[in-house]
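Please read the structure below before turning to the comments.
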Amino acid sequence: MEKITDRQKILIVDDSEMNRAILADMLGGEFDIIEAENGADGIAMMQKHSMDISLVLLDIVMPVMDGFGVLTEMNKYRWIEDIPVIMISAERGSSHIERAFELGITDFISRPFDALIVHRRVVNTILLYAKQKRLAAMVTEQIYEKEQRSSLMIDILSHCVEFRNGESGMHVRNVHILTETLLSALVRKTDRYHVNQTDISVISMASALHDIGKIAIPEEILNKPGKFTPEEFAIMKTHSMVGAEMLENLPSYQNESLVRFAYQICRWHHERWDGRGYPDGLKGDEIPISAQIVAMADVYDALTSERVYKPPFSHEQAVSMIVGGECGQFNPLVLECLKECEDEIREELTGNGEQRRSQREIQNVARELHKHKELNASERTLELLEHERMKYSFFASLTKEIQFEYTITPPTLVLNSWGSEKLDLPEALLDPYQSAEALAIIDSDVQARLADALHSTTPGNPVVQCDCKLNIQGEERWHRIVARASWSSEEPPRYTGCIGKAMDIHNSRLELESLERQASHDALTGLVNRAYAQKRIIERLEDRPAGRYAMAILDLDYFKSANDTYGHMFGDEVLKFLAERLRHSIRGGDIAARVGGDEFLIFLEYKDDLESAIEGIYSRVNGGVYKDFTISVSMGVASNQEAGSEYDGLFRCADQALYVVKHSGNKGRYNYYHKENAIDTATSAVSPIDAEGGEESK
Amino acid sequence: MTLKECYAALNGDYEEAMGRLRSERLVQKFVLKFLEDGSFDLLCSSMEAGDLSEAFRAAHTIKGVCANMAFSALLDSSSQLTELLRAGETGAQTQELFQRVKADYAQTAQAIQAFREEAGG
């Protein structure tokens with residue numbers, strides 16, 4: 001059982017002092033009680049204490065404004081969504097109770113009441129709301145944490161570049177701060193560039209990536225102490241284009257504003273206002289404003305920081321050098337911003353920045369609020385709530401996930417705006433099971449499976465996960481759906497719907513499949529490897545044990561001399577050549593695998609004529625030359641009629657049959673295993689070590 | 001006079017009140033507080049002034065308090081009066097019930113006063 005830690009406030013609205021006193025006495029031990037003697041008074045209390053009230057106990061019949069009046073007001077200001085109301089009344093009429101519930105009360109207690117019941121219901125309601133608020137806060141926090149993490153990753157990445165570059169490690173941080181400061185100043189000055197608050201923070205974050213292209217510059221050039229030769233400078237200059245290309249090659253993130261801004265910054269942060277920069281020679285406002293600002297921040301920080309080859313310059317010196325055109329040519333507006341921001345820059349760079357930045361955020365909120373002069377107290381509360389909501393949906397939109405909420409009564413699907421856009425569905429969809437658009441997105445089997453899984457959860461363990469394909473704008477993509485069932489607090493609990501999200505895992509899923517392929521295939525020849533072939537063969541044998549199967553093991557004669565004479569590269573080519581022949585000599589259902597070295601394996605199913613099948617394969621595999629090397633293949637064959645239907649037995653017997661050929665002094669032919677000719681099991685052509693080495697050198 | 005005897009004197013249900021409020025201390029506290037409640041005065045003055053809605057509210061409050069305190073006799077008469085006033089009745093029946101509420105209130109108040117004197121003294 002959870003304990004309420006901080007004392008919560010309960011507002012009692014009742015015209016009888018006696019009634020208030022009874023309730024206050026029952027609850028005053030655990031809660032702070034505030035009282036109002038009529039509805040209007042109650043509303044005033046709510047305004048004064050705003051979100052601080054955890055619960056309202058409300059009477060119906062009161063002078064000035066009755067209980068229904070209070071509820072109507074609470075609905076008007078949408079307080080009813082955040083403050084639970086328990087109505088206490090001697091009114092017995094069901095129409096009263098019904099109306100009260102319609103107006104959003106959480107519970108109704110009839111007078112006369114029992115002290116224990118009042119206490120229990122009050123505590124339950126408060127716990128429930130506290131839990132909901134905590135959950136909402138947790139979600140916000142997680143999203144925020146994710147943001148923090150991506151910004152951390154960017155910082156780490158850019159620091160890697162910087163350390164290789166021999167720079168201070170502070171450069172990235174300073175450029176970030178300068179970019180933010182200069183952009184904010186620019187926005188105050190002009191709206192020409194259509195930059196909003198979100199853009200400022202994204203551009204500042206992207207500024208950290210301005211020099212990532214330098215990873216491609218050889219270290220000798222990057223850290224050369226003296227002046228560059230023209231050739232070296234030409235190489236150095238490629239870093240802007242290289243950085244841009246790196247970002248362009250992130251195909252799945254092209255729509256991210258972060259990547260878009262980072263691309264502009266990487267590519268154009270060495271352009272000049274007069275058109276004499278590189279790589280594209282853009283002029284004036286052809287250069288995106290993000291790149292203009294970062295270029296200025298980059299130069300300014302280089303001048304004012306200490307480097308091995310120079311002392312730090314003061315702000316005035318740096319500005320006069322920049323204005324004097326010693327370090328490039330800049331947009332006069334951006335220059336003005338730099339000059340005006342001296343104090344702010346000094347403060348930000350020397351460490352009081354953090355505090356100032358959060359102050360600035362608060363100022364932004366305050367400024368926004370101030371714009372609406374007509375705001376009174378309650379509307380201000382609403383604005384703050386609205387701000388919280390905006391913040392939540394902003395962070396939610398950054399996560400690029402489809403977030404959803406489904407309630408059973410009424411059957412409604414609510415999507416976050418990103419998800420709604422992605423799925424091309426409205427944000428709130430009534431009766432999704434009747435909507436053809438919604439049904440087209442997710443397979444009915446998957447729907448049923450998901451619904452089953454959710455219904456079978458328990459309040460203690462409500463989370464389910466499933467991977468499935470979603471049909472999004474005509475494309476089937478793998479998604480991972482994680483959903484949490486909602487259960488009512490009744491006994492027994494009732495399933496009321498779910499919340500959850502769907503993440504696109506298509507690319508990682510494909511990657512996994514390709515990794516699986518890599519694990520099951522031989523890298524050189526592209527045939528399946530021994531382990532995978534074994535697994536497949538065992539499956540086949542177990543699947544239809546009555547079938548007729550044969551296994552052939554073959555190897556290249558004189559392969560060692562090919563390696564010795566022409567080198568291993570040539571040896572590899574021969575193996576690929578042979579693998580290609582194998583691939584073309586087997587039928588669809590057969591298996592061809594590379595066992596290791598120059599040993600290969602074929603597994604086939606036959607009807608009655610094994611001889612002609614084997615002859616066909618052998619004649620296609622053996623003979624001819626690759627370049628100067630004669631292709632001679634020895635092969636041992638074992639059928640399950642002779643060797644039994646176990647993988648190990650088949651393999652050993654085919655191997656023995658091959659051994660016979662190899663040691664017969666007459667290679668370049670094939671041989672069947674027969675029970676009656678079986679030889680000592682220790683003799684083997686293949687494993688454990690490649691037997692050919694010794695044999696061929698004889 | 002004990003609290004239980006006081007309940008008997010005012011035609012109340014002591015067991016029920018204890019069941020609701022769970023402690024003798026609380027029951028005693030609110031029984032004594034009942035005399036300070038202004039609802040009865042409000043009922044009388046608004047009945048005299050003919051203010052029907054105010055009278056309804058006052059009767060309604062008395063009914064609620066009596067229900068919680070299990071003052072059965074006064075609860076019964078004040079409940080009936082509440083319903084008549086809610087329906088807008090001002091006739092003889094209402095007056096008659098008003099008289100009964102007054103009598104029941106007097107009996108209740110008297111019992112409580114007697115209890116208070118003994119408890120206080």
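A note on labels: chains of the structure tokens are A, B, ... as shown, every chain counts residues from 1, and ligands are counted from 1 in their shown order.
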
Check: For chain A, which residues have at least one atom within 12 Å of chain B, if we go by only C-alpha atoms? Write them as number ranges by chain, please.
Finding: A: 14-26, 38, 59-64, 66, 88-93, 110-119

Would you export the selected residues with N, CA and C atoms as a tab-separated table (two decimals), in the first residue's frame, please?
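For reference, again-v2.tsv as written:
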```
chain	number	residue	atom	x	y	z
A	14	ASP	N	-19.25	23.33	1.55
A	14	ASP	CA	-20.52	22.95	2.15
A	14	ASP	C	-21.03	24.16	2.93
A	15	ASP	N	-22.34	24.44	2.86
A	15	ASP	CA	-22.84	25.63	3.54
A	15	ASP	C	-23.00	25.41	5.04
A	16	SER	N	-23.07	24.17	5.49
A	16	SER	CA	-23.26	23.94	6.92
A	16	SER	C	-21.90	23.79	7.61
A	17	GLU	N	-21.67	24.66	8.55
A	17	GLU	CA	-20.41	24.64	9.27
A	17	GLU	C	-20.23	23.29	9.96
A	18	MET	N	-21.33	22.79	10.45
A	18	MET	CA	-21.36	21.51	11.15
A	18	MET	C	-20.89	20.38	10.24
A	19	ASN	N	-21.43	20.36	9.02
A	19	ASN	CA	-21.02	19.34	8.06
A	19	ASN	C	-19.53	19.44	7.74
A	20	ARG	N	-19.08	20.68	7.53
A	20	ARG	CA	-17.65	20.86	7.23
A	20	ARG	C	-16.81	20.36	8.39
A	21	ALA	N	-17.29	20.68	9.61
A	21	ALA	CA	-16.50	20.29	10.79
A	21	ALA	C	-16.40	18.78	10.90
A	22	ILE	N	-17.51	18.09	10.63
A	22	ILE	CA	-17.46	16.62	10.71
A	22	ILE	C	-16.44	16.06	9.72
A	23	LEU	N	-16.51	16.55	8.49
A	23	LEU	CA	-15.58	16.06	7.45
A	23	LEU	C	-14.14	16.43	7.79
A	24	ALA	N	-13.96	17.69	8.24
A	24	ALA	CA	-12.61	18.15	8.57
A	24	ALA	C	-12.03	17.30	9.68
A	25	ASP	N	-12.87	16.93	10.62
A	25	ASP	CA	-12.40	16.11	11.73
A	25	ASP	C	-11.96	14.73	11.27
A	26	MET	N	-12.72	14.19	10.32
A	26	MET	CA	-12.39	12.85	9.83
A	26	MET	C	-11.09	12.83	9.04
A	38	ASN	N	-19.84	28.31	0.36
A	38	ASN	CA	-20.78	28.17	-0.75
A	38	ASN	C	-19.99	27.98	-2.04
A	59	ASP	N	-20.82	19.74	-1.68
A	59	ASP	CA	-22.24	19.60	-1.35
A	59	ASP	C	-23.07	20.05	-2.55
A	60	ILE	N	-24.34	19.64	-2.63
A	60	ILE	CA	-25.16	20.11	-3.76
A	60	ILE	C	-25.93	21.39	-3.38
A	61	VAL	N	-26.73	21.29	-2.32
A	61	VAL	CA	-27.63	22.40	-2.00
A	61	VAL	C	-26.90	23.45	-1.17
A	62	MET	N	-26.63	24.60	-1.81
A	62	MET	CA	-25.91	25.69	-1.12
A	62	MET	C	-26.43	27.02	-1.63
A	63	PRO	N	-26.32	28.07	-0.80
A	63	PRO	CA	-26.70	29.40	-1.28
A	63	PRO	C	-25.66	29.96	-2.26
A	64	VAL	N	-25.99	31.04	-2.93
A	64	VAL	CA	-25.15	31.78	-3.90
A	64	VAL	C	-24.84	30.94	-5.14
A	66	ASP	N	-24.78	26.69	-6.21
A	66	ASP	CA	-24.88	25.34	-5.69
A	66	ASP	C	-23.81	24.42	-6.32
A	88	ILE	N	-20.93	14.97	-1.91
A	88	ILE	CA	-21.57	14.39	-0.74
A	88	ILE	C	-22.91	15.07	-0.58
A	89	SER	N	-23.99	14.31	-0.57
A	89	SER	CA	-25.27	14.97	-0.46
A	89	SER	C	-26.33	14.06	0.12
A	90	ALA	N	-27.33	14.71	0.72
A	90	ALA	CA	-28.46	13.95	1.22
A	90	ALA	C	-29.48	13.74	0.10
A	91	GLU	N	-29.22	14.36	-1.07
A	91	GLU	CA	-30.12	14.17	-2.20
A	91	GLU	C	-30.08	12.73	-2.64
A	92	ARG	N	-31.25	12.12	-2.81
A	92	ARG	CA	-31.25	10.71	-3.17
A	92	ARG	C	-31.64	10.50	-4.63
A	93	GLY	N	-32.22	11.52	-5.24
A	93	GLY	CA	-32.75	11.34	-6.59
A	93	GLY	C	-31.68	10.91	-7.56
A	110	SER	N	-23.57	9.33	-0.32
A	110	SER	CA	-24.86	9.81	0.20
A	110	SER	C	-24.74	10.11	1.68
A	111	ARG	N	-25.45	11.13	2.07
A	111	ARG	CA	-25.56	11.44	3.48
A	111	ARG	C	-26.75	10.67	4.04
A	112	PRO	N	-26.78	10.07	5.19
A	112	PRO	CA	-25.68	10.08	6.15
A	112	PRO	C	-24.55	9.17	5.70
A	113	PHE	N	-23.35	9.57	6.05
A	113	PHE	CA	-22.21	8.76	5.59
A	113	PHE	C	-21.48	8.14	6.76
A	114	ASP	N	-20.68	7.18	6.42
A	114	ASP	CA	-19.90	6.44	7.39
A	114	ASP	C	-18.47	6.99	7.32
A	115	ALA	N	-17.90	7.30	8.49
A	115	ALA	CA	-16.58	7.94	8.53
A	115	ALA	C	-15.53	7.14	7.78
A	116	LEU	N	-15.56	5.81	7.98
A	116	LEU	CA	-14.53	4.99	7.34
A	116	LEU	C	-14.64	5.02	5.83
A	117	ILE	N	-15.90	5.00	5.34
A	117	ILE	CA	-16.09	4.97	3.90
A	117	ILE	C	-15.62	6.28	3.27
A	118	VAL	N	-15.98	7.39	3.92
A	118	VAL	CA	-15.53	8.68	3.40
A	118	VAL	C	-14.00	8.71	3.33
A	119	HIS	N	-13.39	8.29	4.41
A	119	HIS	CA	-11.94	8.30	4.48
A	119	HIS	C	-11.33	7.44	3.38
```

Margin query: I want to know what sits within 12 Å of A:Ala185, based on only C-alpha atoms, with residues of the same chain fewer than 2 positions away left out; could you give that as a VMD selection string?
Written below: chain A and resid 178 to 183 187 to 191 195 197 200 293 333 to 342 344 to 345

Check: If we count only C-alpha atoms, what is near stretch 601-617 of chain A at a cut-off of 9 Å, once residues fewer than 5 positions away on the same chain are taken out, given as a PyMOL selection string?
Finding: chain A and resi 530+533+537+547-555+582+585-587+589-595+622+637+639+670

Mind dumping the selected residues with N, CA and C atoms as an mmCIF file, in the first residue's frame?
```cif
data_model
loop_
_atom_site.group_PDB
_atom_site.id
_atom_site.type_symbol
_atom_site.label_atom_id
_atom_site.label_comp_id
_atom_site.auth_asym_id
_atom_site.auth_seq_id
_atom_site.Cartn_x
_atom_site.Cartn_y
_atom_site.Cartn_z
ATOM 1 N N ARG A 530 28.827 -25.216 -43.437
ATOM 2 C CA ARG A 530 28.627 -26.592 -42.972
ATOM 3 C C ARG A 530 27.562 -26.671 -41.879
ATOM 4 N N ALA A 533 24.103 -26.152 -43.334
ATOM 5 C CA ALA A 533 23.713 -27.298 -44.152
ATOM 6 C C ALA A 533 23.299 -28.460 -43.257
ATOM 7 N N ILE A 537 19.781 -30.321 -43.359
ATOM 8 C CA ILE A 537 19.713 -31.735 -43.746
ATOM 9 C C ILE A 537 18.998 -32.536 -42.660
ATOM 10 N N GLY A 547 11.947 -40.891 -47.150
ATOM 11 C CA GLY A 547 12.443 -40.493 -48.466
ATOM 12 C C GLY A 547 13.791 -41.126 -48.790
ATOM 13 N N ARG A 548 14.190 -41.006 -50.071
ATOM 14 C CA ARG A 548 15.495 -41.563 -50.463
ATOM 15 C C ARG A 548 16.439 -40.387 -50.697
ATOM 16 N N TYR A 549 17.510 -40.397 -49.943
ATOM 17 C CA TYR A 549 18.437 -39.276 -49.977
ATOM 18 C C TYR A 549 19.841 -39.755 -50.266
ATOM 19 N N ALA A 550 20.667 -38.856 -50.777
ATOM 20 C CA ALA A 550 22.085 -39.182 -50.922
ATOM 21 C C ALA A 550 22.910 -37.969 -50.552
ATOM 22 N N MET A 551 24.092 -38.235 -49.997
ATOM 23 C CA MET A 551 25.008 -37.148 -49.714
ATOM 24 C C MET A 551 26.288 -37.410 -50.472
ATOM 25 N N ALA A 552 26.813 -36.364 -51.100
ATOM 26 C CA ALA A 552 28.092 -36.501 -51.806
ATOM 27 C C ALA A 552 29.066 -35.518 -51.189
ATOM 28 N N ILE A 553 30.283 -35.985 -50.931
ATOM 29 C CA ILE A 553 31.330 -35.075 -50.477
ATOM 30 C C ILE A 553 32.397 -35.073 -51.550
ATOM 31 N N LEU A 554 32.783 -33.851 -51.952
ATOM 32 C CA LEU A 554 33.752 -33.815 -53.044
ATOM 33 C C LEU A 554 34.873 -32.855 -52.691
ATOM 34 N N ASP A 555 36.024 -33.103 -53.272
ATOM 35 C CA ASP A 555 37.073 -32.112 -53.118
ATOM 36 C C ASP A 555 37.896 -31.988 -54.377
ATOM 37 N N LEU A 582 28.854 -25.951 -58.903
ATOM 38 C CA LEU A 582 28.000 -26.742 -58.013
ATOM 39 C C LEU A 582 26.586 -26.191 -57.995
ATOM 40 N N SER A 585 24.695 -27.236 -60.909
ATOM 41 C CA SER A 585 24.467 -28.648 -61.225
ATOM 42 C C SER A 585 23.446 -29.303 -60.302
ATOM 43 N N ILE A 586 22.962 -28.596 -59.322
ATOM 44 C CA ILE A 586 21.964 -29.217 -58.452
ATOM 45 C C ILE A 586 20.563 -28.706 -58.785
ATOM 46 N N ARG A 587 19.558 -29.446 -58.305
ATOM 47 C CA ARG A 587 18.175 -29.030 -58.551
ATOM 48 C C ARG A 587 17.682 -28.150 -57.399
ATOM 49 N N GLY A 589 15.558 -28.215 -54.846
ATOM 50 C CA GLY A 589 15.456 -28.605 -53.439
ATOM 51 C C GLY A 589 16.758 -29.119 -52.843
ATOM 52 N N ASP A 590 17.786 -29.340 -53.698
ATOM 53 C CA ASP A 590 19.040 -29.906 -53.203
ATOM 54 C C ASP A 590 19.825 -28.846 -52.437
ATOM 55 N N ILE A 591 20.808 -29.340 -51.673
ATOM 56 C CA ILE A 591 21.627 -28.417 -50.890
ATOM 57 C C ILE A 591 23.074 -28.568 -51.339
ATOM 58 N N ALA A 592 23.729 -27.438 -51.627
ATOM 59 C CA ALA A 592 25.163 -27.468 -51.894
ATOM 60 C C ALA A 592 25.829 -26.589 -50.850
ATOM 61 N N ALA A 593 26.862 -27.117 -50.180
ATOM 62 C CA ALA A 593 27.489 -26.352 -49.112
ATOM 63 C C ALA A 593 29.003 -26.473 -49.210
ATOM 64 N N ARG A 594 29.670 -25.451 -48.666
ATOM 65 C CA ARG A 594 31.118 -25.571 -48.541
ATOM 66 C C ARG A 594 31.405 -26.085 -47.139
ATOM 67 N N VAL A 595 32.109 -27.216 -47.078
ATOM 68 C CA VAL A 595 32.361 -27.821 -45.780
ATOM 69 C C VAL A 595 33.539 -27.130 -45.112
ATOM 70 N N ASN A 622 33.019 -31.755 -62.731
ATOM 71 C CA ASN A 622 34.389 -32.190 -62.997
ATOM 72 C C ASN A 622 34.822 -31.788 -64.410
ATOM 73 N N VAL A 637 30.068 -40.853 -52.437
ATOM 74 C CA VAL A 637 28.616 -40.722 -52.352
ATOM 75 C C VAL A 637 28.071 -41.783 -51.398
ATOM 76 N N SER A 639 24.185 -43.174 -49.911
ATOM 77 C CA SER A 639 22.732 -43.009 -49.897
ATOM 78 C C SER A 639 22.211 -43.469 -48.550
ATOM 79 N N TYR A 670 34.432 -40.752 -59.028
ATOM 80 C CA TYR A 670 33.619 -40.835 -57.825
ATOM 81 C C TYR A 670 33.344 -42.274 -57.449
#
```

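Secondary structure of stretch 407-471 of chain A, strand (DSSP E or B) only (DSSP, backbone atoms): Thr407, Thr412, Leu413, Val414, Leu415, Ala428, Leu429, Leu430, Ile442, Thr458, Asn461, Val463, Val464, Gln465, Cys466, Asp467, Cys468, Lys469, Leu470 and Asn471 of chain A.
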
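The coordinates place atom CA of A:His270 at 9.8 Å from atom CA of A:Leu282.
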
Check: Between B:Ala87, B:Leu3, B:Leu74, B:Asp13, which has the minimum distance to B:Arg100 (counting only C-alpha atoms)?
Finding: B:Leu74

Notebook entry, point to check: Please, which residues of stretch 382-617 of chain A, numbered as in this document, come out alpha helix (DSSP H) from DSSP, as a PyMOL selection string?
Noted result: chain A and resi 382-398+417-423+436-441+444-455+506-520+530-543+559-566+568-585+610-617

Item checked: Separation of atom CA of B:Ala114 from atom CA of B:Ser72, in Å and rounded to one decimal -> 18.6 Å
